[in-house]
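K.L.:
structure_16.csv is reproduced below (CSV, C-alpha atoms).
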chain,number,residue,atom,x,y,z
C,18,MET,CA,74.4,112.1,94.7
C,19,LYS,CA,77.5,110.3,93.4
C,20,TYR,CA,80.4,112.2,91.7
C,21,SER,CA,82.8,111.5,88.9
C,22,ILE,CA,86.3,112.4,90.0
C,23,GLY,CA,88.9,113.5,87.4
C,24,MET,CA,92.6,113.3,88.2
C,25,THR,CA,95.3,114.6,85.8
C,26,THR,CA,98.8,113.1,86.1
C,27,TYR,CA,102.2,113.8,84.6
C,28,ASN,CA,105.4,112.2,86.0
C,29,ARG,CA,106.4,112.9,89.6
C,30,PRO,CA,106.0,109.3,90.9
C,31,GLU,CA,107.3,110.3,94.4
C,32,TYR,CA,104.2,112.5,94.8
C,33,LEU,CA,101.9,110.2,93.0
C,34,LYS,CA,102.5,107.4,95.5
C,35,THR,CA,101.3,109.5,98.4
C,36,THR,CA,98.3,110.7,96.3
C,37,LEU,CA,97.2,107.2,95.4
C,38,ASP,CA,97.8,105.7,98.9
C,39,THR,CA,95.8,108.4,100.7
C,40,LEU,CA,93.1,108.6,98.1
C,41,ALA,CA,92.5,104.8,98.4
C,42,LYS,CA,92.3,105.2,102.2
C,43,SER,CA,89.7,108.0,102.1
C,44,ASP,CA,86.0,107.6,102.2
C,45,LEU,CA,84.9,107.2,98.5
C,46,THR,CA,81.3,106.1,99.2
C,47,LEU,CA,80.0,109.1,97.1
C,48,ALA,CA,82.4,108.4,94.2
C,49,LYS,CA,80.7,107.2,91.0
C,50,GLU,CA,84.1,106.6,89.3
C,51,VAL,CA,87.7,107.9,89.2
C,52,LEU,CA,89.0,108.9,85.8
C,53,ILE,CA,92.7,109.4,85.4
C,54,PHE,CA,94.1,111.4,82.5
C,55,ASP,CA,97.8,111.0,82.1
C,56,ASP,CA,99.7,113.5,79.9
C,57,GLY,CA,102.3,111.1,78.6
C,58,SER,CA,104.2,110.2,81.7
C,59,SER,CA,107.4,108.3,81.5
C,60,GLY,CA,108.9,105.6,83.8
C,61,ASN,CA,106.8,103.6,86.2
C,62,VAL,CA,103.8,106.1,86.5
C,63,ILE,CA,101.4,104.0,84.3
C,64,GLN,CA,102.3,100.9,86.2
C,65,MET,CA,101.5,102.7,89.5
C,66,LEU,CA,98.2,103.8,88.1
C,67,LYS,CA,97.3,100.3,87.0
C,68,GLU,CA,98.1,98.8,90.4
C,69,PHE,CA,95.9,101.5,92.0
C,70,LYS,CA,92.9,100.3,90.1
C,71,GLY,CA,92.8,97.1,92.2
C,72,LYS,CA,92.7,99.0,95.5
C,73,LEU,CA,89.4,100.8,95.0
C,74,ASN,CA,85.8,99.5,95.2
C,75,VAL,CA,84.8,102.1,92.6
C,76,PRO,CA,85.5,102.0,88.9
C,77,VAL,CA,88.9,103.4,87.8
C,78,LYS,CA,89.6,104.2,84.2
C,79,ILE,CA,93.0,105.4,82.9
C,80,TYR,CA,93.3,107.5,79.7
C,81,ARG,CA,96.8,108.4,78.3
C,82,ASN,CA,97.5,111.2,75.9
C,83,ARG,CA,99.8,110.1,73.0
C,84,LYS,CA,101.1,113.6,72.8
C,85,SER,CA,101.4,115.9,75.9
C,86,LEU,CA,98.7,118.6,76.0
C,87,GLY,CA,100.1,120.5,78.9
C,88,ALA,CA,98.4,121.0,82.3
C,89,ASN,CA,95.7,123.4,81.3
C,90,LEU,CA,94.4,121.5,78.2
C,91,ASN,CA,94.7,118.1,80.0
C,92,ILE,CA,92.4,119.4,82.8
C,93,ALA,CA,90.0,120.8,80.2
C,94,GLN,CA,90.0,117.4,78.5
C,95,ALA,CA,89.2,115.7,81.7
C,96,CYS,CA,86.3,118.1,82.3
C,97,ASP,CA,85.0,117.7,78.8
C,98,PHE,CA,84.9,113.9,79.3
C,99,ILE,CA,83.1,114.1,82.6
C,100,PHE,CA,80.6,116.6,81.5
C,101,ASN,CA,79.4,114.3,78.7
C,102,LYS,CA,77.4,112.5,81.4
C,103,ASN,CA,77.4,114.8,84.4
C,104,ASP,CA,76.5,118.4,85.4
C,105,LEU,CA,79.3,118.5,88.1
C,106,ALA,CA,82.9,117.4,88.1
C,107,ILE,CA,85.4,117.0,90.9
C,108,LEU,CA,89.1,117.8,90.0
C,109,ILE,CA,92.1,116.4,92.0
C,110,ASP,CA,95.8,116.6,91.4
C,111,SER,CA,98.5,114.0,91.5
C,112,ASP,CA,100.5,115.7,94.3
C,113,SER,CA,97.9,115.5,97.0
C,114,LYS,CA,97.4,114.1,100.5
C,115,PHE,CA,93.8,113.3,101.1
C,116,GLY,CA,92.0,113.6,104.4
C,117,LYS,CA,89.5,110.8,105.0
C,118,GLN,CA,86.4,112.9,104.7
C,119,TRP,CA,87.4,115.1,101.7
C,120,LEU,CA,84.7,113.9,99.3
C,121,ASN,CA,82.0,114.0,102.0
C,122,LYS,CA,83.0,117.6,102.7
C,123,ILE,CA,82.6,118.6,99.1
C,124,ASN,CA,79.2,117.0,99.1
C,125,GLU,CA,78.3,118.8,102.4
C,126,ALA,CA,79.3,122.1,100.8
C,127,VAL,CA,77.1,121.5,97.7
C,128,ILE,CA,74.1,120.5,99.8
C,129,LEU,CA,74.5,123.5,102.1
C,130,CYS,CA,74.7,125.9,99.1
C,131,ASP,CA,71.6,124.4,97.5
C,132,ARG,CA,69.7,124.5,100.7
C,133,GLU,CA,70.6,128.1,101.4
C,134,ASN,CA,70.2,129.2,97.8
C,135,ILE,CA,73.9,130.2,97.5
C,136,ALA,CA,74.8,130.8,93.9
C,137,TRP,CA,78.1,129.0,93.7
C,138,GLY,CA,80.3,128.2,90.7
C,139,TYR,CA,83.5,126.9,92.2
C,140,ILE,CA,84.0,125.1,95.6
C,141,SER,CA,87.3,123.9,97.0
C,142,VAL,CA,88.3,121.9,100.1
C,143,PHE,CA,91.8,123.2,100.0
C,144,ASN,CA,92.1,126.5,101.9
C,145,THR,CA,95.4,128.3,101.3
C,146,PRO,CA,96.3,131.9,102.3
C,147,ASN,CA,97.7,132.2,98.8
C,148,HIS,CA,94.1,132.7,97.6
C,149,LYS,CA,92.6,135.7,99.2
C,150,THR,CA,89.6,135.3,101.4
C,151,ILE,CA,86.9,138.0,100.8
C,152,LYS,CA,84.5,137.2,103.6
C,153,ASN,CA,82.9,134.4,105.7
C,154,ILE,CA,79.8,132.9,104.2
C,155,ASN,CA,78.9,130.8,107.3
C,156,SER,CA,80.7,128.7,109.8
C,157,PHE,CA,81.8,126.2,107.1
C,158,LEU,CA,82.5,128.2,104.0
C,159,VAL,CA,84.4,131.4,103.0
C,160,GLN,CA,84.3,133.3,99.8
C,161,LYS,CA,87.6,133.6,97.8
C,162,LYS,CA,88.8,136.0,95.2
C,163,ASP,CA,90.2,133.1,93.2
C,164,LEU,CA,91.1,129.4,93.5
C,165,GLY,CA,93.4,126.8,92.1
C,166,SER,CA,91.9,123.8,90.4
C,167,PHE,CA,93.2,121.6,93.2
C,168,GLY,CA,90.5,119.7,95.2
C,169,THR,CA,87.5,121.5,93.6
C,170,ILE,CA,84.1,120.9,92.2
C,171,ILE,CA,83.0,122.8,89.1
C,172,LYS,CA,79.8,123.2,87.0
C,173,LYS,CA,79.2,122.1,83.5
C,174,GLU,CA,77.2,125.2,82.5
C,175,ILE,CA,80.2,127.5,83.5
C,176,PHE,CA,82.8,125.3,81.9
C,177,LYS,CA,80.9,125.2,78.6
C,178,LYS,CA,80.7,129.0,78.5
C,179,MET,CA,84.4,129.3,79.3
C,180,THR,CA,85.4,126.9,76.5
C,181,LYS,CA,83.2,128.5,73.9
C,182,ASN,CA,85.5,131.5,74.0
C,183,GLU,CA,87.5,131.4,70.8
C,184,ASN,CA,90.6,132.5,72.7
C,185,PHE,CA,90.4,129.6,75.2
C,186,GLN,CA,93.2,127.5,73.7
C,187,LYS,CA,95.3,130.5,72.7
C,188,ASN,CA,95.2,132.2,76.0
C,189,ARG,CA,98.1,131.1,78.2
C,190,ALA,CA,96.3,131.9,81.5
C,191,SER,CA,95.8,129.0,83.7
C,192,PHE,CA,92.6,126.8,83.7
C,193,ASP,CA,91.6,127.8,87.2
C,194,TRP,CA,92.0,131.6,86.4
C,195,LYS,CA,89.8,131.2,83.3
C,196,TYR,CA,87.2,129.3,85.1
C,197,GLY,CA,87.2,131.7,88.0
C,198,TRP,CA,86.9,134.6,85.5
C,199,GLN,CA,83.8,133.0,84.0
C,200,CYS,CA,82.3,132.5,87.5
C,201,ASP,CA,82.7,136.3,88.1
C,202,LEU,CA,81.0,137.0,84.7
C,203,ASP,CA,78.1,134.8,85.7
C,204,LYS,CA,78.0,136.2,89.2
C,205,LYS,CA,78.6,132.8,90.8
C,206,LEU,CA,80.6,132.7,94.0
C,207,ILE,CA,84.0,131.2,94.4
C,208,LEU,CA,83.9,129.3,97.7
C,209,CYS,CA,86.2,127.3,100.0
C,210,THR,CA,85.8,125.3,103.2
C,211,LYS,CA,87.4,127.1,106.2
C,212,ASN,CA,89.4,123.9,107.0
C,213,SER,CA,91.4,122.0,104.4
C,214,TYR,CA,90.5,118.4,103.7
C,215,ILE,CA,93.2,117.9,101.1
C,216,GLN,CA,96.8,118.9,101.5
C,217,HIS,CA,99.2,120.0,98.7
C,218,ILE,CA,102.5,118.1,98.8
C,219,GLY,CA,104.2,119.3,95.5
C,220,LEU,CA,105.7,122.6,94.4
C,221,SER,CA,103.2,125.3,93.5
C,222,GLY,CA,101.3,124.7,90.3
C,223,THR,CA,102.5,124.5,86.7
C,224,ASN,CA,101.2,128.1,86.1
C,225,SER,CA,103.1,129.5,89.0
C,226,ASN,CA,106.8,130.6,89.1
C,227,LYS,CA,106.9,130.2,92.9
C,228,ASN,CA,109.5,127.7,94.2
C,229,SER,CA,107.4,126.7,97.2
C,230,VAL,CA,104.8,124.4,98.5
C,231,ASP,CA,101.3,125.8,98.8
C,232,ILE,CA,100.0,124.8,102.2
C,233,GLY,CA,96.4,124.5,103.2
C,234,VAL,CA,95.4,125.7,106.7
C,235,ASN,CA,93.9,123.4,109.3
C,236,PHE,CA,94.4,120.2,107.4
C,237,MET,CA,91.8,117.7,108.7
C,238,GLU,CA,93.5,114.5,107.9
C,239,ASN,CA,91.2,112.2,109.8
Could you render the structure as structure tokens?

P.N.:
Amino acid sequence: MKYSIGMTTYNRPEYLKTTLDTLAKSDLTLAKEVLIFDDGSSGNVIQMLKEFKGKLNVPVKIYRNRKSLGANLNIAQACDFIFNKNDLAILIDSDSKFGKQWLNKINEAVILCDRENIAWGYISVFNTPNHKTIKNINSFLVQKKDLGSFGTIIKKEIFKKMTKNENFQKNRASFDWKYGWQCDLDKKLILCTKNSYIQHIGLSGTNSNKNSVDIGVNFMEN
């Protein structure tokens, strides 16, 4: 299987450079395409993204919002676009450092869950103590209480149920919280690899008031 990867961007060129450099050096054999959704960045961000297109052997498409949607709706827009043609979507952020095998590890987790009939709804390759671990699933995966949308794979069926809620756009809760809530309703597990294959390099997310960097444990860079 090959995957469509959606990345949302908004300013922060100092983080974006590391994101693009390490993404280009990672193994993207299983990538169908990389779709970038920019939320109206200023400065040289768009030029950086255009230069990035020439570094990959997979198709890269850049979409730019004329008016800023904000982080949550921009992520939802990216998912909507991907789910027009796919049942799964991979979400990445523009303040990331990618390990070489990050995409292969997502695929490994999906295959393992399908083989062992694990009813999953959300899988991440970024394991941070900030998201509570409930229990070990096996030697590779743990169950989490919740996840961020950083370095994750999600399902179309769950996303569509979530966005049908008439309060979706009105509710100020973060995208990842809403999606995790829908997973709980559908009795689908929220999972994460024990090791981290993506590292967070920016401040904690838009929906957090923490002035800190959210670090993943056991980052497997190579």

K.L.:
What lies within 12 Å of Asp56 (chain C) using all atoms listed in the file, ignoring chain neighbours under 4 positions off, as a ChimeraX atom specification?

P.N.:
/C:24-29,62-63,79-92,94-95,111

K.L.:
One decimal, Å: what's the distance from CA of Cys200 (chain C) over to CA of Asn121 (chain C), could you say?

P.N.:
23.5 Å

K.L.:
Using all atoms listed in the file, which protein or nucleic acid residues come within 7 Å of Ile151 (chain C)? Drop anything in the same chain fewer than 2 positions from it, and give the result as a list of chain:residue names.

P.N.:
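The residues that qualify are C:Lys149, C:Gln160, C:Lys161, C:Lys162.
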
K.L.:
In Å, rounded to a single decimal, give me how far CA of Leu108 (chain C) is from CA of Lys19 (chain C).

P.N.:
14.2 Å

K.L.:
What does the distance from CA of Ile99 (chain C) to CA of Ser21 (chain C) come to in Å, to one decimal?

P.N.:
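CA of Ser21 (chain C) lies 6.8 Å from CA of Ile99 (chain C).
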
K.L.:
Considering all atoms listed in the file, can you say which of C:Thr150, C:Asn101, C:Thr180, C:Thr210 comes closest to Trp198 (chain C)?

P.N.:
C:Thr180

K.L.:
Might you pull out every residue within 8 Å of Leu164 (chain C), with only C-alpha atoms counted and same-chain residues fewer than 4 positions away left off, and present them as number ranges by chain?

P.N.:
C: 141, 148, 193-194, 197, 207

K.L.:
Near Cys209 (chain C), within 12 Å and counting all atoms listed in the file, which residues show up once chain neighbours fewer than 6 positions away are dropped, as a PyMOL selection string?

P.N.:
chain C and resi 122-123+125-127+130+137-146+148-170+215+233-234
